[in-house]
Every structure is written in structure tokens, then in C-alpha cells.
Amino acid sequence: MALLPVTDALARVLNSVSTLDTETVSIHDALGRITAKDIRSNLTQPPFAASAMDGYAVLYDDISNPLKVVGESQAGLSYTGTLKSGEAVRIFTGAPMVDGADTVVIQENVNRDDDQLIINECKARGSNIRAAGSDFMVDEVLVEANIKLDARHIALIAAGNVAEFTVYKRPKVAILSTGDELCEVGSKIGPDKIVNSNVPLFMALVKESGGIAINIGTAKDTAEDVKAKIALVKDVDMFVSIGGVSVGDYDIIQDILKESGLKVEFWKVAMMPGKPVVYGDFNGIPYFGMPGNPSSAYVCFANFMLPALYKMQGLLDGGFPTSHARLEHKLKQGSSRVNYMRATYHENELGEKLVSSTLTQSSANLKTLARSNCLLVRELKVPEANIGDLVRIIIIKP
Ligand code: AMP
Ligand code: MG
């Protein structure tokens, strides 16, 4: 079977994945969630005209005259009277503006002696006042639909006094690892065994991507054990298995899953690493069969699974951001598979990105994965590249 181009594989994944239902969340649990509807403000902010500085509320026409301080307006407690010509009211940042006054003079620009006030400087009428609604108005859209909420959005929504709103549900993802060689982290590692690092990797990736990761365990490379574990895939929105998708004698997962309902959409993509990735429909849910080498699995995650998880949560152009950077060394011509090289980029003093892929590219190597901050993309069959040439990068750690 010819290898499927990466772009076609991604299109097929996204085409087959649906956005999940929505649910109501409290603002206190909303960080990282994706809005399902526009969030509108319940109030106008500031709700009243307020002083932007500590100083004195006055009439601008009075500023050349000595004034008498007749009262005070604090944040949370306004001056109840109406300012008359010849008067000033002490006022603090955030305090309601004083009726009758049209300007706030900052305290650094006055001389005060008991209740007598001389203004030394005041540039313009209306200075240092925050108008009512100067931030936003009641019913104004604070955050549009399909936005991933960060701390700044949370503050804005809170200021609009919206305590609950609608977001997309978090995808529940079942994770299965396979391999007779695997022991769990923290256990005694017997001879010929290695630690299962892919389950912690995928648990963390799913969480980082807004999903709920469910570890259904590690199956031995036997049909019985794989079948027993597959039976645990219930009530989830996605299923990911890791290992056993290549062509070795013990790579049995695809055949066993087919017996249990898997319909394969594609197997083998024109990419390196990650060629043997499987994608399909497992009884109504999207299924990824990831290769076992950690960097291969990660590259498949970055290209296919992350955009799928984002689409499920309403983020339609989801995925790691891409950019371009100038090569710091030569590269040989591209092959018949897109090569995703672990690399590091940095910015020079002009703000231009420079990238180097001098890390080892063994797909079994985890240290280089953890220490890289981007994937340098060598497109299909591109000619040899020289120092300074622009290449595409996928930024995995901004
Ligand atoms: P496989 O895709 O099953 O042929 O595995 C390819 C390589 O990845 C082998 O060296 C496996 O030992 C390794 N591998 C598979 N699964 C895991 C895992 N969960 N954690 C760490 N390494 C793994
Ligand atoms: Mg294996």
C-alpha cells in the first residue's frame, strides 16, 4: 500500500472527528476550557465614572482659584453631596466620581493646608476620570465562542459578573500500551525489561490538551491479553494504543482490534518518524494506533491527535503553532517521507528565528525529545538546504 501523505491523513482524521457536547462550568473550573458560546457581560465596567488616581475632584473652571476641601470619596463609598464652585473633594483611585465635579487633579500637583487647596497644575478638563463603561458595556461580548480560556479571559469574565457559562466537554481518552518488555514506573525492573514511558507521556499530553486521560493498562503481546484490555475501552471519546502497529511478529494489535470492531481508515503515512501510525473508527470512536518509539508516537500526536483533540473541544485550527526559521547548518535533501526532526530554535538580536537539528534523531531517544523546543520539518524531496535557508518549524515549546 502506498504511504498516505501527511496532509491527507490529517484531513481524514479531522473529517471523521466531531465536536463534543457542551456543558456548564463554574468560572473557578474554567481555566483551559473552550467556550461553546459567546460570553456576554452582566454589567457595565466601570459601573460608574471613577477616579483613575489619588487626588482631588474639582471643577476645571475653578483650578486657578484656592479651593476648600469639603469631603471625601473612597473606593466603595462615594461622597454624597454635590460639588459647588470653590469646592474640592478628596478622592482616591477607583472611588466614584463626585457629582458636580468634572476633573480629578492628582495629589502630587496640589498644595494642601488643612482644608485649603491650591492647584499647581492640571492639564485638561476631564483628566484622570475613568468613564462609566470605558472598559465594557452590559451585554457586550467579553469572550467569543471557540476560545481557549486563559487567566486573562477568566479575569475579564469575572469582572463582567458571569459566574457560569457553556464550554465544550473534555474528551475522555483511553490509553493502552502494549509490549512484553514494559514495566511500570517505580516498580522493580527485571532483566530484558524497560520502563513504560509512553503511558506517562500520553497521560500528560492528553491532560495538556484539555482531555481526561484514562489508563486502561499495559497488555502483553498476546491476543488474550490485548482482548482483555480492549474490553475496558468504554464510555470514552477516543482510544489510543501505543506499540505493536508495525510489521514485527508481535505487532498484533491492529488485527485483534479489527476482530473487535476496528475499521481502519489508514495505516502508514509518508512521515518519519511515525510511519506505521494507524487511524480508524473503533465502534464509533476515533482510534489511534501509535508506534512504540516515544519520539515516533510524539510526532504522530503532534500531527494528528492534538488537532483531533482540539476539534473535539471546538478549537478548529488547533495544533501546535508553526513558524519559519533560518537553518544554522546544512541539511541533505528531503526523502520520500516528511521528516520531523527534533530541533532547537532561538531568536537572534533582530528577533529572527534560527534553528538547529544537531540533536540525535533516533526515534527511541527521549532525552532529545525533552530538550528540543521544535520539530524541524523537511518536506518531501526538497533539495539540499544551506545555512540561512528558511525551513518550517512546529513549535512544541513556545
Ligand atoms: P513497537 O512499536 O511495539 O514495535 O515498539 C517500538 C519500540 O518502542 C520498542 O523499542 C519498544 O520497546 C518501545 N516501546 C513500546 N512501547 C513503549 C512504551 N509504552 N514505553 C516505552 N517504550 C516503548
Ligand atoms: Mg511492541
# chains A, B, ... in the order shown; residues from 1 in each chain; ligands from 1
call {"tool": "residues_around", "arguments": {"residues": "Ala159 in chain A", "least_positions_apart": "2", "cutoff": "9 Å", "atoms": "only C-alpha atoms", "output": "list in words"}}
result
Ser41, Leu43, Gln45, Ile154, Ala155, Leu156, Ile157, Asn161 and Val162 of chain A
call {"tool": "closest_atom_pairs", "arguments": {"of": "chain A", "to": "ligand 1", "cutoff": "10 Å", "atoms": "only C-alpha atoms and all ligand atoms", "output": "Markdown table"}}
result
| residue | atom | partner | partner_atom_place_in_ligand_line | distance |
| --- | --- | --- | --- | --- |
| A:Leu176 | CA | ligand 1 | 19 (N) | 8.5 |
| A:Ser177 | CA | ligand 1 | 19 (N) | 5.2 |
| A:Thr178 | CA | ligand 1 | 16 (N) | 6.0 |
| A:Gly179 | CA | ligand 1 | 16 (N) | 5.9 |
| A:Asp180 | CA | ligand 1 | 12 (O) | 8.5 |
| A:Glu181 | CA | ligand 1 | 12 (O) | 6.2 |
| A:Leu182 | CA | ligand 1 | 18 (C) | 6.5 |
| A:Cys183 | CA | ligand 1 | 20 (N) | 8.7 |
| A:Glu184 | CA | ligand 1 | 19 (N) | 9.0 |
| A:Val185 | CA | ligand 1 | 20 (N) | 9.9 |
| A:Asp192 | CA | ligand 1 | 12 (O) | 9.9 |
| A:Lys193 | CA | ligand 1 | 12 (O) | 8.3 |
| A:Ile194 | CA | ligand 1 | 21 (C) | 6.9 |
| A:Val195 | CA | ligand 1 | 21 (C) | 6.1 |
| A:Asn196 | CA | ligand 1 | 20 (N) | 3.7 |
| A:Ser197 | CA | ligand 1 | 20 (N) | 4.0 |
| A:Asn198 | CA | ligand 1 | 19 (N) | 4.1 |
| A:Val199 | CA | ligand 1 | 19 (N) | 5.6 |
| A:Pro200 | CA | ligand 1 | 19 (N) | 8.4 |
| A:Leu201 | CA | ligand 1 | 20 (N) | 8.6 |
| A:Phe202 | CA | ligand 1 | 19 (N) | 9.3 |
| A:Thr218 | CA | ligand 1 | 19 (N) | 7.8 |
| A:Ala219 | CA | ligand 1 | 19 (N) | 9.9 |
| A:Asp221 | CA | ligand 1 | 3 (O) | 8.8 |
| A:Ser241 | CA | ligand 1 | 19 (N) | 9.2 |
| A:Ile242 | CA | ligand 1 | 16 (N) | 5.9 |
| A:Gly243 | CA | ligand 1 | 3 (O) | 3.4 |
| A:Gly244 | CA | ligand 1 | 3 (O) | 3.8 |
| A:Val245 | CA | ligand 1 | 2 (O) | 5.7 |
| A:Ser246 | CA | ligand 1 | 4 (O) | 5.9 |
| A:Val247 | CA | ligand 1 | 4 (O) | 8.0 |
| A:Gly248 | CA | ligand 1 | 4 (O) | 6.8 |
| A:Asp249 | CA | ligand 1 | 4 (O) | 9.4 |
| A:Tyr250 | CA | ligand 1 | 3 (O) | 7.7 |
| A:Asp251 | CA | ligand 1 | 3 (O) | 6.4 |
| A:Ile252 | CA | ligand 1 | 3 (O) | 9.3 |
| A:Ile253 | CA | ligand 1 | 3 (O) | 9.4 |
| A:Gly274 | CA | ligand 1 | 2 (O) | 9.6 |
| A:Pro276 | CA | ligand 1 | 2 (O) | 8.4 |
| A:Val277 | CA | ligand 1 | 2 (O) | 9.4 |
| A:Gly289 | CA | ligand 1 | 2 (O) | 9.3 |
| A:Met290 | CA | ligand 1 | 2 (O) | 7.3 |
| A:Pro291 | CA | ligand 1 | 2 (O) | 4.1 |
| A:Gly292 | CA | ligand 1 | 2 (O) | 3.4 |
| A:Asn293 | CA | ligand 1 | 8 (O) | 3.6 |
| A:Pro294 | CA | ligand 1 | 22 (N) | 6.1 |
| A:Ser295 | CA | ligand 1 | 8 (O) | 9.1 |
| A:Ser296 | CA | ligand 1 | 8 (O) | 8.7 |
| A:Ala297 | CA | ligand 1 | 2 (O) | 8.8 |
| A:Ser363 | CA | ligand 1 | 8 (O) | 8.6 |
| A:Ala364 | CA | ligand 1 | 8 (O) | 6.5 |
| A:Asn365 | CA | ligand 1 | 22 (N) | 9.7 |
| A:Leu366 | CA | ligand 1 | 21 (C) | 9.3 |
call {"tool": "select_by_dssp", "arguments": {"residues": "range 17-170 of chain A", "states": "strand (DSSP E)", "output": "PyMOL selection string"}}
result
chain A and resi 22-26+39-40+50-51+55-58+67-73+87-91+103-106+110-113+116-119+129-130+141-143+164-168
call {"tool": "residues_around", "arguments": {"residues": "range 343-347 of chain A", "least_positions_apart": "6", "cutoff": "7 Å", "atoms": "only C-alpha atoms", "output": "list in words"}}
result
Lys353, Leu354, Val355, Ser356, Ser357, Thr358, Leu359, Ser372, Asn373, Cys374, Leu375 and Leu376 of chain A
call {"tool": "atom_distance", "arguments": {"atom1": "CA of Thr368 in chain A", "atom2": "CA of Ser323 in chain A"}}
result
20.4 Å
call {"tool": "residues_around", "arguments": {"residues": "Glu140 in chain A", "least_positions_apart": "4", "cutoff": "10 Å", "atoms": "only C-alpha atoms", "output": "ChimeraX atom specification"}}
result
/A:38-44,136,160
call {"tool": "write_last_selection", "arguments": {"atoms": "C-alpha atoms", "output": "mmCIF file, in the first residue's frame"}}
result
data_model
loop_
_atom_site.group_PDB
_atom_site.id
_atom_site.type_symbol
_atom_site.label_atom_id
_atom_site.label_comp_id
_atom_site.auth_asym_id
_atom_site.auth_seq_id
_atom_site.Cartn_x
_atom_site.Cartn_y
_atom_site.Cartn_z
ATOM 1 C CA ASP A 38 -20.141 33.964 23.208
ATOM 2 C CA ILE A 39 -19.886 35.084 26.835
ATOM 3 C CA ARG A 40 -21.690 38.395 27.383
ATOM 4 C CA SER A 41 -21.225 40.746 30.289
ATOM 5 C CA ASN A 42 -23.843 41.018 33.017
ATOM 6 C CA LEU A 43 -22.791 44.560 33.829
ATOM 7 C CA THR A 44 -21.106 47.722 32.631
ATOM 8 C CA PHE A 136 -17.031 47.270 28.506
ATOM 9 C CA GLY A 160 -18.477 41.062 33.893
#
call {"tool": "select_by_dssp", "arguments": {"residues": "range 114-159 of chain A", "states": "alpha helix (DSSP H)", "output": "PyMOL selection string"}}
result
chain A and resi 151-159
call {"tool": "write_last_selection", "arguments": {"atoms": "C-alpha atoms", "output": "JSON list (two decimals), in the first residue's frame"}}
result
[["chain", "number", "residue", "atom", "x", "y", "z"],
["A", 151, "ALA", "CA", -6.09, 33.63, 33.14],
["A", 152, "ARG", "CA", -6.75, 36.96, 31.39],
["A", 153, "HIS", "CA", -10.06, 35.75, 29.97],
["A", 154, "ILE", "CA", -11.08, 34.46, 33.39],
["A", 155, "ALA", "CA", -10.44, 37.90, 34.91],
["A", 156, "LEU", "CA", -12.47, 39.63, 32.19],
["A", 157, "ILE", "CA", -15.41, 37.25, 32.55],
["A", 158, "ALA", "CA", -15.30, 37.64, 36.35],
["A", 159, "ALA", "CA", -15.34, 41.45, 36.02]]
call {"tool": "residues_around", "arguments": {"residues": "Val338 in chain A", "least_positions_apart": "6", "cutoff": "12 Å", "atoms": "only C-alpha atoms", "output": "list in words"}}
result
Leu3, Leu4, Pro5, Val6, Thr7, Val269, Ala270, Met271, Met272, Pro273, Gly274, Lys275, Val299, Asn303, Leu375, Leu376, Val377, Arg378, Glu379, Leu380, Lys381, Val382 and Arg392 of chain A
call {"tool": "write_last_selection", "arguments": {"atoms": "C-alpha atoms", "output": "PDB file, in the first residue's frame"}}
result
ATOM      1  CA  LEU A   3       2.128   5.711   2.002  1.00  0.00           C
ATOM      2  CA  LEU A   4      -0.564   8.305   2.667  1.00  0.00           C
ATOM      3  CA  PRO A   5       0.615  11.954   2.539  1.00  0.00           C
ATOM      4  CA  VAL A   6       0.578  13.661   5.962  1.00  0.00           C
ATOM      5  CA  THR A   7      -1.864  16.365   4.830  1.00  0.00           C
ATOM      6  CA  VAL A 269       1.802   7.663   6.477  1.00  0.00           C
ATOM      7  CA  ALA A 270       4.618   9.235   4.456  1.00  0.00           C
ATOM      8  CA  MET A 271       6.369  10.591   7.511  1.00  0.00           C
ATOM      9  CA  MET A 272       9.487   9.931   9.522  1.00  0.00           C
ATOM     10  CA  PRO A 273       9.345   9.070  12.350  1.00  0.00           C
ATOM     11  CA  GLY A 274       5.817   7.724  12.794  1.00  0.00           C
ATOM     12  CA  LYS A 275       5.294   5.862   9.525  1.00  0.00           C
ATOM     13  CA  VAL A 299       5.347  13.186  16.211  1.00  0.00           C
ATOM     14  CA  ASN A 303       0.457  15.944  13.640  1.00  0.00           C
ATOM     15  CA  LEU A 375      10.221  19.950  15.151  1.00  0.00           C
ATOM     16  CA  LEU A 376      12.091  20.993  12.034  1.00  0.00           C
ATOM     17  CA  VAL A 377      10.074  19.896   9.018  1.00  0.00           C
ATOM     18  CA  ARG A 378      11.947  18.532   5.983  1.00  0.00           C
ATOM     19  CA  GLU A 379       9.309  18.470   3.289  1.00  0.00           C
ATOM     20  CA  LEU A 380       9.104  15.719   0.678  1.00  0.00           C
ATOM     21  CA  LYS A 381      12.083  15.534  -1.670  1.00  0.00           C
ATOM     22  CA  VAL A 382      13.176  19.154  -1.089  1.00  0.00           C
ATOM     23  CA  ARG A 392       9.204  25.319   8.571  1.00  0.00           C
TER      24      ARG A 392
END
call {"tool": "atom_distance", "arguments": {"atom1": "CA of Met238 in chain A", "atom2": "CA of Ala370 in chain A"}}
result
25.3 Å
call {"tool": "atom_distance", "arguments": {"atom1": "CA of Tyr340 in chain A", "atom2": "CA of Val391 in chain A"}}
result
11.5 Å
call {"tool": "residues_around", "arguments": {"residues": "Asn111 in chain A", "least_positions_apart": "2", "cutoff": "12 Å", "atoms": "only C-alpha atoms", "output": "PDB file with all heavy atoms, in the first residue's frame"}}
result
ATOM      1  N   GLY A  55      -6.273  61.895  44.421  1.00  0.00           N
ATOM      2  CA  GLY A  55      -6.169  63.348  44.231  1.00  0.00           C
ATOM      3  C   GLY A  55      -7.407  64.068  44.725  1.00  0.00           C
ATOM      4  O   GLY A  55      -7.949  63.723  45.783  1.00  0.00           O
ATOM      5  N   TYR A  56      -7.854  65.029  43.916  1.00  0.00           N
ATOM      6  CA  TYR A  56      -8.995  65.871  44.307  1.00  0.00           C
ATOM      7  C   TYR A  56      -9.943  66.035  43.141  1.00  0.00           C
ATOM      8  O   TYR A  56      -9.510  66.307  42.013  1.00  0.00           O
ATOM      9  CB  TYR A  56      -8.495  67.253  44.781  1.00  0.00           C
ATOM     10  CG  TYR A  56      -7.724  67.121  46.077  1.00  0.00           C
ATOM     11  CD1 TYR A  56      -6.361  66.816  46.052  1.00  0.00           C
ATOM     12  CD2 TYR A  56      -8.357  67.222  47.310  1.00  0.00           C
ATOM     13  CE1 TYR A  56      -5.652  66.633  47.223  1.00  0.00           C
ATOM     14  CE2 TYR A  56      -7.654  67.038  48.495  1.00  0.00           C
ATOM     15  CZ  TYR A  56      -6.308  66.733  48.442  1.00  0.00           C
ATOM     16  OH  TYR A  56      -5.632  66.528  49.608  1.00  0.00           O
ATOM     17  N   PRO A  66      -8.026  79.341  44.855  1.00  0.00           N
ATOM     18  CA  PRO A  66      -7.906  78.497  46.050  1.00  0.00           C
ATOM     19  C   PRO A  66      -9.250  77.806  46.295  1.00  0.00           C
ATOM     20  O   PRO A  66     -10.300  78.426  46.117  1.00  0.00           O
ATOM     21  CB  PRO A  66      -7.596  79.485  47.179  1.00  0.00           C
ATOM     22  CG  PRO A  66      -7.405  80.818  46.545  1.00  0.00           C
ATOM     23  CD  PRO A  66      -7.955  80.776  45.155  1.00  0.00           C
ATOM     24  N   LEU A  67      -9.197  76.526  46.684  1.00  0.00           N
ATOM     25  CA  LEU A  67     -10.443  75.762  46.873  1.00  0.00           C
ATOM     26  C   LEU A  67     -10.531  75.259  48.306  1.00  0.00           C
ATOM     27  O   LEU A  67      -9.515  75.144  49.004  1.00  0.00           O
ATOM     28  CB  LEU A  67     -10.468  74.562  45.909  1.00  0.00           C
ATOM     29  CG  LEU A  67     -10.383  74.909  44.411  1.00  0.00           C
ATOM     30  CD1 LEU A  67     -10.268  73.630  43.583  1.00  0.00           C
ATOM     31  CD2 LEU A  67     -11.596  75.710  43.955  1.00  0.00           C
ATOM     32  N   LYS A  68     -11.763  74.927  48.707  1.00  0.00           N
ATOM     33  CA  LYS A  68     -11.971  74.395  50.058  1.00  0.00           C
ATOM     34  C   LYS A  68     -12.311  72.909  49.960  1.00  0.00           C
ATOM     35  O   LYS A  68     -13.224  72.524  49.212  1.00  0.00           O
ATOM     36  CB  LYS A  68     -13.122  75.149  50.719  1.00  0.00           C
ATOM     37  CG  LYS A  68     -13.340  74.736  52.144  1.00  0.00           C
ATOM     38  CD  LYS A  68     -14.435  75.555  52.813  1.00  0.00           C
ATOM     39  CE  LYS A  68     -14.601  75.050  54.238  1.00  0.00           C
ATOM     40  NZ  LYS A  68     -15.859  75.414  54.810  1.00  0.00           N
ATOM     41  N   VAL A  69     -11.582  72.066  50.717  1.00  0.00           N
ATOM     42  CA  VAL A  69     -11.852  70.621  50.683  1.00  0.00           C
ATOM     43  C   VAL A  69     -13.054  70.353  51.585  1.00  0.00           C
ATOM     44  O   VAL A  69     -13.021  70.646  52.783  1.00  0.00           O
ATOM     45  CB  VAL A  69     -10.621  69.806  51.150  1.00  0.00           C
ATOM     46  CG1 VAL A  69     -10.923  68.318  51.118  1.00  0.00           C
ATOM     47  CG2 VAL A  69      -9.410  70.140  50.291  1.00  0.00           C
ATOM     48  N   VAL A 105      -7.625  66.203  39.918  1.00  0.00           N
ATOM     49  CA  VAL A 105      -6.241  66.697  39.932  1.00  0.00           C
ATOM     50  C   VAL A 105      -5.444  65.745  40.813  1.00  0.00           C
ATOM     51  O   VAL A 105      -5.875  65.417  41.925  1.00  0.00           O
ATOM     52  CB  VAL A 105      -6.182  68.113  40.546  1.00  0.00           C
ATOM     53  CG1 VAL A 105      -4.752  68.642  40.483  1.00  0.00           C
ATOM     54  CG2 VAL A 105      -7.130  69.045  39.842  1.00  0.00           C
ATOM     55  N   ILE A 106      -4.302  65.268  40.309  1.00  0.00           N
ATOM     56  CA  ILE A 106      -3.550  64.296  41.121  1.00  0.00           C
ATOM     57  C   ILE A 106      -2.919  64.991  42.327  1.00  0.00           C
ATOM     58  O   ILE A 106      -2.596  66.186  42.273  1.00  0.00           O
ATOM     59  CB  ILE A 106      -2.490  63.550  40.294  1.00  0.00           C
ATOM     60  CG1 ILE A 106      -1.453  64.490  39.699  1.00  0.00           C
ATOM     61  CG2 ILE A 106      -3.168  62.753  39.181  1.00  0.00           C
ATOM     62  CD1 ILE A 106      -0.299  63.748  39.019  1.00  0.00           C
ATOM     63  N   GLN A 107      -2.764  64.250  43.414  1.00  0.00           N
ATOM     64  CA  GLN A 107      -2.341  64.878  44.667  1.00  0.00           C
ATOM     65  C   GLN A 107      -0.912  65.421  44.598  1.00  0.00           C
ATOM     66  O   GLN A 107      -0.561  66.341  45.323  1.00  0.00           O
ATOM     67  CB  GLN A 107      -2.520  63.918  45.841  1.00  0.00           C
ATOM     68  CG  GLN A 107      -1.643  62.704  45.835  1.00  0.00           C
ATOM     69  CD  GLN A 107      -2.093  61.715  46.895  1.00  0.00           C
ATOM     70  OE1 GLN A 107      -3.285  61.412  47.031  1.00  0.00           O
ATOM     71  NE2 GLN A 107      -1.144  61.228  47.677  1.00  0.00           N
ATOM     72  N   GLU A 108      -0.125  64.876  43.685  1.00  0.00           N
ATOM     73  CA  GLU A 108       1.255  65.377  43.506  1.00  0.00           C
ATOM     74  C   GLU A 108       1.258  66.823  42.985  1.00  0.00           C
ATOM     75  O   GLU A 108       2.269  67.513  43.090  1.00  0.00           O
ATOM     76  CB  GLU A 108       2.013  64.492  42.511  1.00  0.00           C
ATOM     77  CG  GLU A 108       2.346  63.101  43.014  1.00  0.00           C
ATOM     78  CD  GLU A 108       1.221  62.090  42.835  1.00  0.00           C
ATOM     79  OE1 GLU A 108       0.054  62.503  42.596  1.00  0.00           O
ATOM     80  OE2 GLU A 108       1.481  60.887  42.974  1.00  0.00           O
ATOM     81  N   ASN A 109       0.128  67.283  42.397  1.00  0.00           N
ATOM     82  CA  ASN A 109       0.100  68.607  41.765  1.00  0.00           C
ATOM     83  C   ASN A 109      -0.680  69.642  42.571  1.00  0.00           C
ATOM     84  O   ASN A 109      -1.196  70.613  42.013  1.00  0.00           O
ATOM     85  CB  ASN A 109      -0.508  68.506  40.360  1.00  0.00           C
ATOM     86  CG  ASN A 109       0.421  67.795  39.404  1.00  0.00           C
ATOM     87  OD1 ASN A 109       1.588  67.580  39.731  1.00  0.00           O
ATOM     88  ND2 ASN A 109      -0.076  67.417  38.243  1.00  0.00           N
ATOM     89  N   ASP A 113      -3.299  72.854  52.748  1.00  0.00           N
ATOM     90  CA  ASP A 113      -3.068  73.330  54.118  1.00  0.00           C
ATOM     91  C   ASP A 113      -4.416  73.249  54.813  1.00  0.00           C
ATOM     92  O   ASP A 113      -5.316  74.041  54.528  1.00  0.00           O
ATOM     93  CB  ASP A 113      -2.540  74.775  54.062  1.00  0.00           C
ATOM     94  CG  ASP A 113      -2.265  75.323  55.453  1.00  0.00           C
ATOM     95  OD1 ASP A 113      -2.303  74.519  56.414  1.00  0.00           O
ATOM     96  OD2 ASP A 113      -2.047  76.543  55.570  1.00  0.00           O
ATOM     97  N   ASP A 114      -4.535  72.250  55.689  1.00  0.00           N
ATOM     98  CA  ASP A 114      -5.821  71.971  56.352  1.00  0.00           C
ATOM     99  C   ASP A 114      -6.890  71.767  55.265  1.00  0.00           C
ATOM    100  O   ASP A 114      -6.738  70.862  54.452  1.00  0.00           O
ATOM    101  CB  ASP A 114      -6.143  73.121  57.314  1.00  0.00           C
ATOM    102  CG  ASP A 114      -7.253  72.734  58.279  1.00  0.00           C
ATOM    103  OD1 ASP A 114      -7.519  71.517  58.408  1.00  0.00           O
ATOM    104  OD2 ASP A 114      -7.859  73.625  58.867  1.00  0.00           O
ATOM    105  N   ASP A 115      -7.944  72.621  55.226  1.00  0.00           N
ATOM    106  CA  ASP A 115      -8.948  72.380  54.177  1.00  0.00           C
ATOM    107  C   ASP A 115      -8.759  73.316  52.977  1.00  0.00           C
ATOM    108  O   ASP A 115      -9.636  73.417  52.126  1.00  0.00           O
ATOM    109  CB  ASP A 115     -10.368  72.475  54.753  1.00  0.00           C
ATOM    110  CG  ASP A 115     -10.697  73.853  55.302  1.00  0.00           C
ATOM    111  OD1 ASP A 115      -9.777  74.716  55.308  1.00  0.00           O
ATOM    112  OD2 ASP A 115     -11.848  74.068  55.710  1.00  0.00           O
ATOM    113  N   GLN A 116      -7.614  73.993  52.919  1.00  0.00           N
ATOM    114  CA  GLN A 116      -7.348  74.901  51.790  1.00  0.00           C
ATOM    115  C   GLN A 116      -6.508  74.178  50.733  1.00  0.00           C
ATOM    116  O   GLN A 116      -5.541  73.493  51.068  1.00  0.00           O
ATOM    117  CB  GLN A 116      -6.569  76.146  52.277  1.00  0.00           C
ATOM    118  CG  GLN A 116      -7.349  77.013  53.232  1.00  0.00           C
ATOM    119  CD  GLN A 116      -8.639  77.523  52.634  1.00  0.00           C
ATOM    120  OE1 GLN A 116      -8.631  78.193  51.593  1.00  0.00           O
ATOM    121  NE2 GLN A 116      -9.780  77.203  53.259  1.00  0.00           N
ATOM    122  N   LEU A 117      -6.876  74.331  49.484  1.00  0.00           N
ATOM    123  CA  LEU A 117      -6.198  73.596  48.413  1.00  0.00           C
ATOM    124  C   LEU A 117      -5.797  74.569  47.309  1.00  0.00           C
ATOM    125  O   LEU A 117      -6.627  75.353  46.837  1.00  0.00           O
ATOM    126  CB  LEU A 117      -7.147  72.537  47.841  1.00  0.00           C
ATOM    127  CG  LEU A 117      -6.521  71.519  46.911  1.00  0.00           C
ATOM    128  CD1 LEU A 117      -5.723  70.487  47.703  1.00  0.00           C
ATOM    129  CD2 LEU A 117      -7.630  70.804  46.121  1.00  0.00           C
ATOM    130  N   ILE A 118      -4.521  74.501  46.923  1.00  0.00           N
ATOM    131  CA  ILE A 118      -4.037  75.274  45.763  1.00  0.00           C
ATOM    132  C   ILE A 118      -3.623  74.257  44.700  1.00  0.00           C
ATOM    133  O   ILE A 118      -2.874  73.321  44.985  1.00  0.00           O
ATOM    134  CB  ILE A 118      -2.790  76.125  46.133  1.00  0.00           C
ATOM    135  CG1 ILE A 118      -3.060  77.022  47.338  1.00  0.00           C
ATOM    136  CG2 ILE A 118      -2.292  76.908  44.913  1.00  0.00           C
ATOM    137  CD1 ILE A 118      -3.944  78.211  47.059  1.00  0.00           C
ATOM    138  N   ILE A 119      -4.111  74.444  43.475  1.00  0.00           N
ATOM    139  CA  ILE A 119      -3.758  73.525  42.380  1.00  0.00           C
ATOM    140  C   ILE A 119      -2.607  74.135  41.592  1.00  0.00           C
ATOM    141  O   ILE A 119      -2.697  75.273  41.138  1.00  0.00           O
ATOM    142  CB  ILE A 119      -4.983  73.287  41.478  1.00  0.00           C
ATOM    143  CG1 ILE A 119      -6.075  72.595  42.304  1.00  0.00           C
ATOM    144  CG2 ILE A 119      -4.606  72.435  40.254  1.00  0.00           C
ATOM    145  CD1 ILE A 119      -7.404  72.499  41.600  1.00  0.00           C
ATOM    146  N   ASN A 120      -1.524  73.382  41.487  1.00  0.00           N
ATOM    147  CA  ASN A 120      -0.339  73.886  40.772  1.00  0.00           C
ATOM    148  C   ASN A 120      -0.382  73.551  39.290  1.00  0.00           C
ATOM    149  O   ASN A 120       0.189  74.261  38.475  1.00  0.00           O
ATOM    150  CB  ASN A 120       0.936  73.293  41.383  1.00  0.00           C
ATOM    151  CG  ASN A 120       1.050  73.660  42.853  1.00  0.00           C
ATOM    152  OD1 ASN A 120       0.720  74.793  43.238  1.00  0.00           O
ATOM    153  ND2 ASN A 120       1.454  72.718  43.678  1.00  0.00           N
ATOM    154  N   GLU A 121      -1.023  72.440  38.955  1.00  0.00           N
ATOM    155  CA  GLU A 121      -1.005  72.010  37.552  1.00  0.00           C
ATOM    156  C   GLU A 121      -2.194  71.101  37.279  1.00  0.00           C
ATOM    157  O   GLU A 121      -2.496  70.221  38.087  1.00  0.00           O
ATOM    158  CB  GLU A 121       0.301  71.241  37.282  1.00  0.00           C
ATOM    159  CG  GLU A 121       0.550  71.010  35.817  1.00  0.00           C
ATOM    160  CD  GLU A 121       1.751  70.101  35.572  1.00  0.00           C
ATOM    161  OE1 GLU A 121       2.712  70.129  36.364  1.00  0.00           O
ATOM    162  OE2 GLU A 121       1.676  69.333  34.599  1.00  0.00           O
TER     163      GLU A 121
END
call {"tool": "residues_around", "arguments": {"residues": "Glu224 in chain A", "least_positions_apart": "4", "cutoff": "12 Å", "atoms": "only C-alpha atoms", "output": "list of chain:residue names"}}
result
A:Ala219, A:Lys220, A:Ala228, A:Lys229, A:Ile230, A:Ala231, A:Ile252, A:Ile253, A:Ile256, A:Leu257
